[in-house]
$ cat protein_23.pdb   # PDB, C-alpha atoms and all ligand atoms
ATOM      1  CA  MET A   1      95.912 152.909 110.336
ATOM      2  CA  THR A   2      93.146 151.647 108.041
ATOM      3  CA  LYS A   3      92.621 147.957 107.757
ATOM      4  CA  ASP A   4      93.503 146.583 104.326
ATOM      5  CA  MET A   5      90.280 144.877 103.277
ATOM      6  CA  ASN A   6      92.049 143.149 100.425
ATOM      7  CA  ALA A   7      94.677 141.559 102.624
ATOM      8  CA  VAL A   8      95.235 137.931 101.732
ATOM      9  CA  PRO A   9      95.954 135.622 104.655
ATOM     10  CA  GLY A  10      99.522 134.386 104.461
ATOM     11  CA  ASP A  11      98.534 130.767 104.014
ATOM     12  CA  LEU A  12      96.580 131.537 100.848
ATOM     13  CA  ARG A  13      99.528 133.157  99.099
ATOM     14  CA  ARG A  14     101.398 129.942  98.532
ATOM     15  CA  PRO A  15     100.523 126.255  98.516
ATOM     16  CA  ILE A  16     100.720 124.504 101.866
ATOM     17  CA  ARG A  17     104.240 123.216 102.331
ATOM     18  CA  ILE A  18     105.138 119.738 103.465
ATOM     19  CA  ALA A  19     108.713 119.036 104.522
ATOM     20  CA  LEU A  20     109.802 115.525 103.532
ATOM     21  CA  PRO A  21     113.081 113.712 104.275
ATOM     22  CA  ASN A  22     115.437 114.133 101.301
ATOM     23  CA  LYS A  23     117.289 110.882 101.996
ATOM     24  CA  GLY A  24     117.699 108.215 104.606
ATOM     25  CA  ARG A  25     115.434 105.598 106.065
ATOM     26  CA  LEU A  26     112.164 107.503 105.922
ATOM     27  CA  SER A  27     112.427 109.191 102.555
ATOM     28  CA  ASP A  28     111.388 106.521 100.001
ATOM     29  CA  ARG A  29     108.497 105.264 102.085
ATOM     30  CA  ALA A  30     107.218 108.810 102.676
ATOM     31  CA  LEU A  31     107.186 109.605  98.944
ATOM     32  CA  GLU A  32     105.550 106.281  98.168
ATOM     33  CA  LEU A  33     102.835 106.868 100.757
ATOM     34  CA  PHE A  34     101.997 110.315  99.379
ATOM     35  CA  GLU A  35     101.882 108.899  95.862
ATOM     36  CA  GLN A  36      99.518 106.132  96.979
ATOM     37  CA  ALA A  37      97.283 108.812  98.490
ATOM     38  CA  GLY A  38      97.174 110.532  95.094
ATOM     39  CA  LEU A  39      99.891 113.126  95.745
ATOM     40  CA  LYS A  40     102.704 112.303  93.357
ATOM     41  CA  ALA A  41     105.743 114.548  93.633
ATOM     42  CA  GLN A  42     106.424 116.348  90.355
ATOM     43  CA  PHE A  43     110.066 117.385  90.244
ATOM     44  CA  ARG A  44     111.140 120.102  87.826
ATOM     45  CA  ALA A  45     114.664 118.733  87.726
ATOM     46  CA  ASP A  46     116.684 115.834  88.998
ATOM     47  CA  ARG A  47     117.641 116.283  92.645
ATOM     48  CA  ALA A  48     115.383 119.325  92.973
ATOM     49  CA  LEU A  49     114.762 120.329  96.581
ATOM     50  CA  VAL A  50     111.207 121.455  95.878
ATOM     51  CA  ALA A  51     108.426 119.598  94.079
ATOM     52  CA  SER A  52     104.773 120.179  93.578
ATOM     53  CA  LEU A  53     102.632 117.608  95.330
ATOM     54  CA  GLY A  54      99.191 117.663  93.792
ATOM     55  CA  ASP A  55      97.388 120.982  93.345
ATOM     56  CA  ASP A  56      97.287 122.068  96.950
ATOM     57  CA  PHE A  57     100.715 121.167  98.244
ATOM     58  CA  GLN A  58     104.348 121.825  97.690
ATOM     59  CA  ALA A  59     106.997 119.456  99.032
ATOM     60  CA  ILE A  60     110.375 120.639 100.256
ATOM     61  CA  PHE A  61     113.102 118.045 100.735
ATOM     62  CA  VAL A  62     115.360 118.484 103.743
ATOM     63  CA  ARG A  63     117.120 116.283 106.277
ATOM     64  CA  ALA A  64     114.751 114.362 108.537
ATOM     65  CA  SER A  65     116.512 115.848 111.567
ATOM     66  CA  ASP A  66     115.980 119.423 110.296
ATOM     67  CA  ILE A  67     112.251 119.038 109.668
ATOM     68  CA  PRO A  68     111.156 120.061 113.200
ATOM     69  CA  GLU A  69     113.146 123.290 112.834
ATOM     70  CA  TYR A  70     111.601 124.130 109.439
ATOM     71  CA  LEU A  71     108.138 123.614 110.905
ATOM     72  CA  ALA A  72     108.897 125.662 114.002
ATOM     73  CA  ASP A  73     110.206 128.470 111.791
ATOM     74  CA  GLY A  74     107.052 128.460 109.665
ATOM     75  CA  ALA A  75     108.922 127.481 106.483
ATOM     76  CA  ALA A  76     106.534 124.536 106.163
ATOM     77  CA  GLU A  77     103.158 123.788 107.689
ATOM     78  CA  MET A  78     103.533 120.017 107.836
ATOM     79  CA  GLY A  79     106.257 117.427 107.705
ATOM     80  CA  VAL A  80     107.092 113.767 107.868
ATOM     81  CA  THR A  81     109.832 112.781 110.279
ATOM     82  CA  GLY A  82     110.623 110.387 113.113
ATOM     83  CA  ALA A  83     108.976 110.847 116.512
ATOM     84  CA  ASP A  84     112.481 110.627 118.002
ATOM     85  CA  LEU A  85     113.613 113.643 116.000
ATOM     86  CA  VAL A  86     110.541 115.650 116.977
ATOM     87  CA  ALA A  87     111.197 114.864 120.656
ATOM     88  CA  GLU A  88     114.905 115.650 120.353
ATOM     89  CA  SER A  89     114.179 118.991 118.699
ATOM     90  CA  GLY A  90     112.469 120.154 121.873
ATOM     91  CA  HIS A  91     109.994 122.221 119.838
ATOM     92  CA  GLU A  92     106.767 122.145 121.758
ATOM     93  CA  ASP A  93     104.718 123.759 119.031
ATOM     94  CA  LEU A  94     104.806 120.694 116.797
ATOM     95  CA  LEU A  95     101.868 118.358 116.995
ATOM     96  CA  ASP A  96     101.543 114.760 115.903
ATOM     97  CA  VAL A  97      98.774 114.499 113.333
ATOM     98  CA  LEU A  98      99.150 110.871 112.267
ATOM     99  CA  ASP A  99     101.345 107.898 113.148
ATOM    100  CA  LEU A 100     102.503 106.583 109.772
ATOM    101  CA  GLY A 101     103.730 103.294 111.241
ATOM    102  CA  PHE A 102     106.898 102.865 109.199
ATOM    103  CA  GLY A 103     110.485 103.545 110.331
ATOM    104  CA  ARG A 104     109.753 101.774 113.589
ATOM    105  CA  CYS A 105     112.671 101.716 116.000
ATOM    106  CA  ARG A 106     113.324 102.277 119.680
ATOM    107  CA  LEU A 107     115.616 104.644 121.493
ATOM    108  CA  SER A 108     117.402 102.531 124.051
ATOM    109  CA  VAL A 109     120.058 102.630 126.721
ATOM    110  CA  ALA A 110     122.822 100.058 126.148
ATOM    111  CA  VAL A 111     125.885  98.991 128.118
ATOM    112  CA  ARG A 112     128.870  96.810 127.316
ATOM    113  CA  ASP A 113     128.093  93.082 127.263
ATOM    114  CA  GLU A 114     130.336  92.383 130.228
ATOM    115  CA  SER A 115     128.685  95.023 132.455
ATOM    116  CA  ASP A 116     126.443  93.664 135.215
ATOM    117  CA  VAL A 117     124.127  96.678 135.046
ATOM    118  CA  ARG A 118     120.590  95.432 134.216
ATOM    119  CA  SER A 119     118.653  98.684 134.406
ATOM    120  CA  ALA A 120     119.326 102.355 133.747
ATOM    121  CA  ALA A 121     117.839 103.153 137.163
ATOM    122  CA  VAL A 122     120.933 101.779 138.947
ATOM    123  CA  LEU A 123     123.461 103.803 136.941
ATOM    124  CA  PRO A 124     125.364 106.104 139.312
ATOM    125  CA  PRO A 125     125.520 109.924 139.090
ATOM    126  CA  GLY A 126     128.258 111.037 136.734
ATOM    127  CA  THR A 127     127.578 108.192 134.262
ATOM    128  CA  ARG A 128     128.896 109.227 130.875
ATOM    129  CA  VAL A 129     126.354 108.812 128.083
ATOM    130  CA  ALA A 130     127.332 108.889 124.397
ATOM    131  CA  THR A 131     124.397 109.819 122.206
ATOM    132  CA  SER A 132     123.132 111.846 119.282
ATOM    133  CA  PHE A 133     119.972 112.426 121.349
ATOM    134  CA  PRO A 134     121.334 114.589 124.190
ATOM    135  CA  ARG A 135     118.030 116.285 125.002
ATOM    136  CA  ILE A 136     116.025 113.074 125.280
ATOM    137  CA  ALA A 137     118.837 111.323 127.176
ATOM    138  CA  ARG A 138     119.169 114.157 129.691
ATOM    139  CA  LYS A 139     115.422 114.295 130.252
ATOM    140  CA  TYR A 140     115.227 110.540 130.695
ATOM    141  CA  PHE A 141     118.000 110.392 133.282
ATOM    142  CA  GLU A 142     116.526 113.433 134.983
ATOM    143  CA  SER A 143     113.301 111.481 135.378
ATOM    144  CA  LEU A 144     115.350 108.744 137.076
ATOM    145  CA  GLY A 145     116.942 111.360 139.307
ATOM    146  CA  THR A 146     120.427 110.692 137.920
ATOM    147  CA  GLU A 147     122.757 113.445 136.849
ATOM    148  CA  ILE A 148     124.736 112.349 133.823
ATOM    149  CA  GLU A 149     127.497 113.631 131.613
ATOM    150  CA  ILE A 150     126.702 113.721 127.909
ATOM    151  CA  ALA A 151     129.197 112.957 125.171
ATOM    152  CA  SER A 152     127.390 114.323 122.159
ATOM    153  CA  VAL A 153     128.131 112.388 118.962
ATOM    154  CA  SER A 154     126.467 112.611 115.577
ATOM    155  CA  GLY A 155     126.447 108.875 114.907
ATOM    156  CA  ALA A 156     128.152 105.525 115.592
ATOM    157  CA  ALA A 157     127.825 105.949 119.342
ATOM    158  CA  GLU A 158     128.337 102.170 119.671
ATOM    159  CA  ILE A 159     132.093 102.500 119.743
ATOM    160  CA  ALA A 160     132.208 105.044 122.577
ATOM    161  CA  PRO A 161     131.937 102.590 125.515
ATOM    162  CA  HIS A 162     134.794 100.528 124.066
ATOM    163  CA  LEU A 163     137.018 103.585 123.758
ATOM    164  CA  GLY A 164     136.396 104.617 127.331
ATOM    165  CA  VAL A 165     134.636 107.772 126.128
ATOM    166  CA  ALA A 166     131.339 106.753 127.714
ATOM    167  CA  ASP A 167     129.863 104.192 130.114
ATOM    168  CA  VAL A 168     126.596 103.737 128.234
ATOM    169  CA  ILE A 169     125.005 104.818 124.983
ATOM    170  CA  VAL A 170     121.528 106.044 124.112
ATOM    171  CA  ASP A 171     120.857 105.102 120.522
ATOM    172  CA  LEU A 172     118.261 103.913 118.025
ATOM    173  CA  VAL A 173     117.740 100.179 117.742
ATOM    174  CA  SER A 174     115.542  98.229 115.380
ATOM    175  CA  THR A 175     116.658  94.591 115.209
ATOM    176  CA  GLY A 176     119.357  94.905 117.851
ATOM    177  CA  SER A 177     121.973  93.312 115.597
ATOM    178  CA  THR A 178     124.174  96.444 115.446
ATOM    179  CA  LEU A 179     124.352  96.467 119.240
ATOM    180  CA  ARG A 180     125.185  92.765 119.377
ATOM    181  CA  VAL A 181     127.882  93.057 116.722
ATOM    182  CA  ASN A 182     129.406  95.888 118.740
ATOM    183  CA  GLY A 183     129.382  93.983 122.029
ATOM    184  CA  LEU A 184     126.588  96.012 123.627
ATOM    185  CA  ARG A 185     123.425  95.009 125.475
ATOM    186  CA  GLU A 186     120.170  96.939 125.775
ATOM    187  CA  ILE A 187     119.074  97.611 129.330
ATOM    188  CA  ASP A 188     116.120  99.993 128.896
ATOM    189  CA  THR A 189     113.907 101.502 126.209
ATOM    190  CA  ILE A 190     113.339 105.242 126.432
ATOM    191  CA  MET A 191     110.824 105.576 123.617
ATOM    192  CA  ILE A 192     109.408 103.811 120.581
ATOM    193  CA  SER A 193     109.645 105.891 117.434
ATOM    194  CA  THR A 194     107.820 105.705 114.112
ATOM    195  CA  ALA A 195     107.465 108.157 111.236
ATOM    196  CA  ARG A 196     104.837 110.799 111.965
ATOM    197  CA  LEU A 197     102.895 113.369 110.023
ATOM    198  CA  VAL A 198     103.472 116.465 112.139
ATOM    199  CA  ALA A 199     102.125 119.985 111.826
ATOM    200  CA  SER A 200     102.993 123.247 113.475
ATOM    201  CA  ARG A 201     100.587 124.618 116.045
ATOM    202  CA  ALA A 202     100.338 127.813 113.996
ATOM    203  CA  ALA A 203      99.160 125.843 110.937
ATOM    204  CA  LEU A 204      96.587 123.977 113.013
ATOM    205  CA  GLU A 205      95.273 127.204 114.501
ATOM    206  CA  ASP A 206      94.312 128.465 111.040
ATOM    207  CA  ASP A 207      90.905 126.993 110.180
ATOM    208  CA  VAL A 208      91.493 126.724 106.426
ATOM    209  CA  THR A 209      94.925 125.142 106.812
ATOM    210  CA  LYS A 210      93.670 122.816 109.517
ATOM    211  CA  GLN A 211      90.947 121.517 107.222
ATOM    212  CA  VAL A 212      93.503 120.799 104.491
ATOM    213  CA  ILE A 213      95.744 119.026 107.020
ATOM    214  CA  ASP A 214      92.824 116.937 108.321
ATOM    215  CA  ASP A 215      91.843 115.930 104.782
ATOM    216  CA  LEU A 216      95.408 114.954 103.940
ATOM    217  CA  SER A 217      95.716 113.004 107.178
ATOM    218  CA  ALA A 218      92.470 111.122 106.406
ATOM    219  CA  ALA A 219      93.741 110.280 102.908
ATOM    220  CA  LEU A 220      97.071 108.977 104.219
ATOM    221  CA  GLU A 221      95.315 107.022 106.942
ATOM    222  CA  SER A 222      93.018 105.367 104.409
ATOM    223  CA  VAL A 223      96.053 104.192 102.427
ATOM    224  CA  LEU A 224      97.786 102.850 105.552
ATOM    225  CA  ARG A 225      94.627 101.045 106.643
ATOM    226  CA  ALA A 226      94.118  99.579 103.177
ATOM    227  CA  SER A 227      97.660  98.221 103.048
ATOM    228  CA  GLU A 228      96.860  95.859 105.914
ATOM    229  CA  LYS A 229      93.721  94.548 104.220
ATOM    230  CA  ARG A 230      92.737  92.618 101.081
ATOM    231  CA  TYR A 231      89.435  92.327  99.253
ATOM    232  CA  LEU A 232      88.359  88.714  98.894
ATOM    233  CA  MET A 233      85.707  87.433  96.483
ATOM    234  CA  THR A 234      84.600  83.835  96.274
ATOM    235  CA  ASN A 235      81.729  81.630  95.225
ATOM    236  CA  VAL A 236      80.330  79.615  98.096
ATOM    237  CA  PRO A 237      77.576  77.024  98.472
ATOM    238  CA  ARG A 238      74.406  78.815  99.574
ATOM    239  CA  ASP A 239      73.820  76.337 102.383
ATOM    240  CA  ARG A 240      77.200  77.120 104.027
ATOM    241  CA  LEU A 241      76.562  80.869 104.383
ATOM    242  CA  ASP A 242      76.407  80.800 108.183
ATOM    243  CA  GLU A 243      79.867  79.274 108.338
ATOM    244  CA  VAL A 244      81.177  81.581 105.592
ATOM    245  CA  ARG A 245      80.062  84.555 107.658
ATOM    246  CA  GLU A 246      82.222  83.314 110.517
ATOM    247  CA  VAL A 247      85.298  82.972 108.324
ATOM    248  CA  ILE A 248      84.925  86.298 106.514
ATOM    249  CA  PRO A 249      82.927  88.646 108.730
ATOM    250  CA  GLY A 250      84.255  91.629 106.736
ATOM    251  CA  LEU A 251      83.788  95.146 108.084
ATOM    252  CA  SER A 252      80.020  94.783 108.527
ATOM    253  CA  GLY A 253      79.259  91.237 107.401
ATOM    254  CA  PRO A 254      80.212  89.816 103.983
ATOM    255  CA  THR A 255      78.418  91.152 100.913
ATOM    256  CA  ILE A 256      76.400  88.337  99.355
ATOM    257  CA  VAL A 257      75.673  88.576  95.627
ATOM    258  CA  GLU A 258      73.465  86.278  93.561
ATOM    259  CA  VAL A 259      75.272  84.321  90.839
ATOM    260  CA  LEU A 260      73.194  84.246  87.625
ATOM    261  CA  ASP A 261      71.897  80.678  87.189
ATOM    262  CA  GLY A 262      73.972  79.871  90.244
ATOM    263  CA  ASP A 263      71.137  78.020  91.993
ATOM    264  CA  ASP A 264      73.031  76.524  94.913
ATOM    265  CA  TRP A 265      75.846  79.105  94.775
ATOM    266  CA  VAL A 266      76.241  82.717  95.815
ATOM    267  CA  ALA A 267      79.239  85.067  95.665
ATOM    268  CA  ALA A 268      80.623  86.389  98.946
ATOM    269  CA  HIS A 269      82.810  89.513  99.103
ATOM    270  CA  ALA A 270      84.607  90.799 102.177
ATOM    271  CA  VAL A 271      87.550  92.830 103.404
ATOM    272  CA  VAL A 272      89.996  90.498 105.166
ATOM    273  CA  ASP A 273      93.267  90.882 107.074
ATOM    274  CA  ALA A 274      96.245  90.705 104.692
ATOM    275  CA  ASP A 275      98.299  88.704 107.158
ATOM    276  CA  ARG A 276      95.580  86.060 107.517
ATOM    277  CA  VAL A 277      94.733  85.542 103.849
ATOM    278  CA  TYR A 278      96.463  82.164 103.757
ATOM    279  CA  GLN A 279      94.416  80.724 106.640
ATOM    280  CA  THR A 280      91.222  82.381 105.404
ATOM    281  CA  ILE A 281      91.529  80.746 101.983
ATOM    282  CA  ALA A 282      92.160  77.341 103.552
ATOM    283  CA  ARG A 283      89.061  77.652 105.736
ATOM    284  CA  LEU A 284      86.906  78.801 102.810
ATOM    285  CA  LYS A 285      88.069  75.875 100.688
ATOM    286  CA  ALA A 286      87.127  73.519 103.485
ATOM    287  CA  LEU A 287      83.594  74.953 103.190
ATOM    288  CA  GLY A 288      83.554  74.158  99.457
ATOM    289  CA  ALA A 289      84.392  77.687  98.194
ATOM    290  CA  GLU A 290      85.459  78.018  94.554
ATOM    291  CA  GLY A 291      86.825  80.771  92.337
ATOM    292  CA  ILE A 292      88.569  82.611  95.168
ATOM    293  CA  LEU A 293      89.992  85.983  94.163
ATOM    294  CA  VAL A 294      92.055  88.252  96.422
ATOM    295  CA  THR A 295      92.969  91.822  95.441
ATOM    296  CA  ARG A 296      94.776  94.749  97.015
ATOM    297  CA  ILE A 297      92.770  97.746  98.194
ATOM    298  CA  GLU A 298      93.947 101.268  97.400
ATOM    299  CA  ARG A 299      92.025 103.082 100.107
ATOM    300  CA  LEU A 300      89.795 102.109 102.948
ATOM    301  CA  MET A 301      87.542 104.556 104.724
ATOM    302  CA  PRO A 302      85.183 102.704 107.043
TER     303      PRO A 302
HETATM  304  P1  LIG B 401     118.047 108.950 108.507
HETATM  305  O1  LIG B 401     119.213 109.236 109.402
HETATM  306  O2  LIG B 401     117.715 110.056 107.583
HETATM  307  O3  LIG B 401     118.120 107.593 107.913
HETATM  308  O4  LIG B 401     116.776 108.922 109.431
HETATM  309  C1  LIG B 401     116.904 108.558 110.709
HETATM  310  C2  LIG B 401     115.542 108.371 111.260
HETATM  311  O5  LIG B 401     114.967 107.175 110.737
HETATM  312  C3  LIG B 401     115.641 108.134 112.742
HETATM  313  O6  LIG B 401     115.702 109.309 113.449
HETATM  314  C4  LIG B 401     114.391 107.346 112.996
HETATM  315  O7  LIG B 401     113.280 108.204 113.090
HETATM  316  C5  LIG B 401     114.260 106.504 111.752
HETATM  317  N1  LIG B 401     114.764 105.132 111.901
HETATM  318  C6  LIG B 401     114.020 104.028 111.724
HETATM  319  N2  LIG B 401     114.718 102.935 111.986
HETATM  320  C7  LIG B 401     115.952 103.305 112.344
HETATM  321  C8  LIG B 401     117.141 102.598 112.738
HETATM  322  N3  LIG B 401     117.182 101.283 112.824
HETATM  323  N4  LIG B 401     118.238 103.331 112.994
HETATM  324  C9  LIG B 401     118.209 104.643 112.883
HETATM  325  N5  LIG B 401     117.134 105.355 112.535
HETATM  326  C10 LIG B 401     115.990 104.709 112.273
END
$ encode --input "protein_23.pdb" --output "structure tokens"
Amino acid sequence: MTKDMNAVPGDLRRPIRIALPNKGRLSDRALELFEQAGLKAQFRADRALVASLGDDFQAIFVRASDIPEYLADGAAEMGVTGADLVAESGHEDLLDVLDLGFGRCRLSVAVRDESDVRSAAVLPPGTRVATSFPRIARKYFESLGTEIEIASVSGAAEIAPHLGVADVIVDLVSTGSTLRVNGLREIDTIMISTARLVASRAALEDDVTKQVIDDLSAALESVLRASEKRYLMTNVPRDRLDEVREVIPGLSGPTIVEVLDGDDWVAAHAVVDADRVYQTIARLKALGAEGILVTRIERLMP
């Protein structure tokens, strides 16, 4: 057989596909993040399941829990979904590219309030576990050396212990209020989950696709990093610069700019932590700073 010299590698025939959650907890934040990174989804119609995402990417919208399967099947090269769902899928050929930080929750073991069990390690063999994460639950109890019985449910596992269907549950928790309301108590955390940018091993093994994935990951990371920071500009007395440097060290020392006819004043610019802006402003004012301006940053690449 002769080799077709004009063969086009599969990944060049169509844009790289990113599977995004079509609804649920992760979906709005995922779309917003891509838009902030310059990839705004362009839908052809309302409720379309496909959208173009910038020039290089196409988004497909599917259930967060199905995303690992689409990636494993090669229907998409990348996806955004919860780390819990990737683990539960059992697909080993999916790799975490970037922790996106949002959708933070934990997968925990919980028992009824009145139970005196304080740790999953003391649960006896034959314990019945209600969960929509059977694979993770089984693996976890295996690691404790306990054989369990799984009652597989697709949601609302909290009721199972009260109905006598299960002794414990393995479920996602964020504030813990759902457990409390349902008379349950957490005894152990199996894993912490956040939304992840994941890619298939096959996509990462292709040099061209890998480069595109790395560039996208860097762009998303720069947006995430920027969201925790603010850019602060202020006029400060020239003779307090040493103290100003301590208050706003910035990424590599504050930028100091001459103020025209400023004489005793200079302008100081620096990147500061968003969650400390309040204290930073108070400290700068105490040093005599004036004209303080704080703005959001779109991207930050140190
Ligand atoms: P969805 O069912 O589409 O809302 O998405 C569920 C996914 O959102 C979970 O698998 C987690 O990855 C994530 N998530 C974040 N916080 C929570 C929470 N408190 N409860 C359930 N899922 C959460």
$ closest_residue --input "protein_23.pdb" --among "A:Ser108, A:Asn235, A:Thr194, A:Ser217" --to "ligand LIG 401 (chain B)" --atoms "only C-alpha atoms and all ligand atoms"
A:Thr194
$ resolve_selection --input "protein_23.pdb" --expression "the PyMOL selection byres (((chain A and resi 22) around 9) and not hetatm)" --output "list in words"
Ala19, Leu20, Pro21, Lys23, Gly24, Leu26, Ser27, Asp28, Leu49, Ile60, Phe61, Val62, Arg63 and Ala64 of chain A
$ residues_near_ligand --input "protein_23.pdb" --ligand "ligand LIG 401 (chain B)" --cutoff "10 Å" --atoms "only C-alpha atoms and all ligand atoms" --output "PyMOL selection string"
chain A and resi 21-27+62-66+80-86+88+102-107+132-133+155+171-178+192-196
$ atom_distance --input "protein_23.pdb" --atom1 "atom CA of Pro254 of chain A" --atom2 "atom CA of Val294 of chain A"
14.1 Å
$ residues_around --input "protein_23.pdb" --residues "Asp113 of chain A" --least-positions-apart "3" --cutoff "8 Å" --atoms "only C-alpha atoms" --output "PyMOL selection string"
chain A and resi 183-185
$ residues_around --input "protein_23.pdb" --residues "His91 of chain A" --least-positions-apart "5" --cutoff "8 Å" --atoms "all atoms listed in the file" --output "PyMOL selection string"
chain A and resi 68-69+72+86
$ closest_residue --input "protein_23.pdb" --among "A:Arg283, A:Ser115, A:Ala218, A:Gln211" --to "Phe34 of chain A" --atoms "only C-alpha atoms"
A:Ala218
$ resolve_selection --input "protein_23.pdb" --expression "the PyMOL selection byres (((chain A and resi 160) around 12) and not hetatm)" --output "count of residues only"
32
$ atom_distance --input "protein_23.pdb" --atom1 "atom CA of Tyr70 of chain A" --atom2 "atom CA of Asp93 of chain A"
11.8 Å
$ resolve_selection --input "protein_23.pdb" --expression "the PyMOL selection byres (((chain A and resi 119) around 9) and not hetatm)" --output "MDAnalysis selection string"
chainID A and resid 109 117:118 120:123 186:188
$ axis_aligned_box --input "protein_23.pdb" --around "segment 54-73 of chain A" --padding-each-side "5 Å" --output "JSON"
{"center_x": 107.2, "center_y": 121.4, "center_z": 103.7, "size_x": 29.8, "size_y": 24.1, "size_z": 30.7}
$ atom_distance --input "protein_23.pdb" --atom1 "atom CA of Ala202 of chain A" --atom2 "atom CA of Gly79 of chain A"
13.5 Å
$ closest_residue --input "protein_23.pdb" --among "A:Ala51, A:Leu33, A:Ala286, A:Ile281" --to "Leu100 of chain A" --atoms "only C-alpha atoms"
A:Leu33
$ closest_residue --input "protein_23.pdb" --among "A:Val247, A:Ile190, A:Leu179, A:Ala267" --to "Ser143 of chain A" --atoms "only C-alpha atoms"
A:Ile190
$ closest_residue --input "protein_23.pdb" --among "A:Thr127, A:Thr189, A:Thr295, A:Gln58" --to "Glu228 of chain A" --atoms "all atoms listed in the file"
A:Thr295
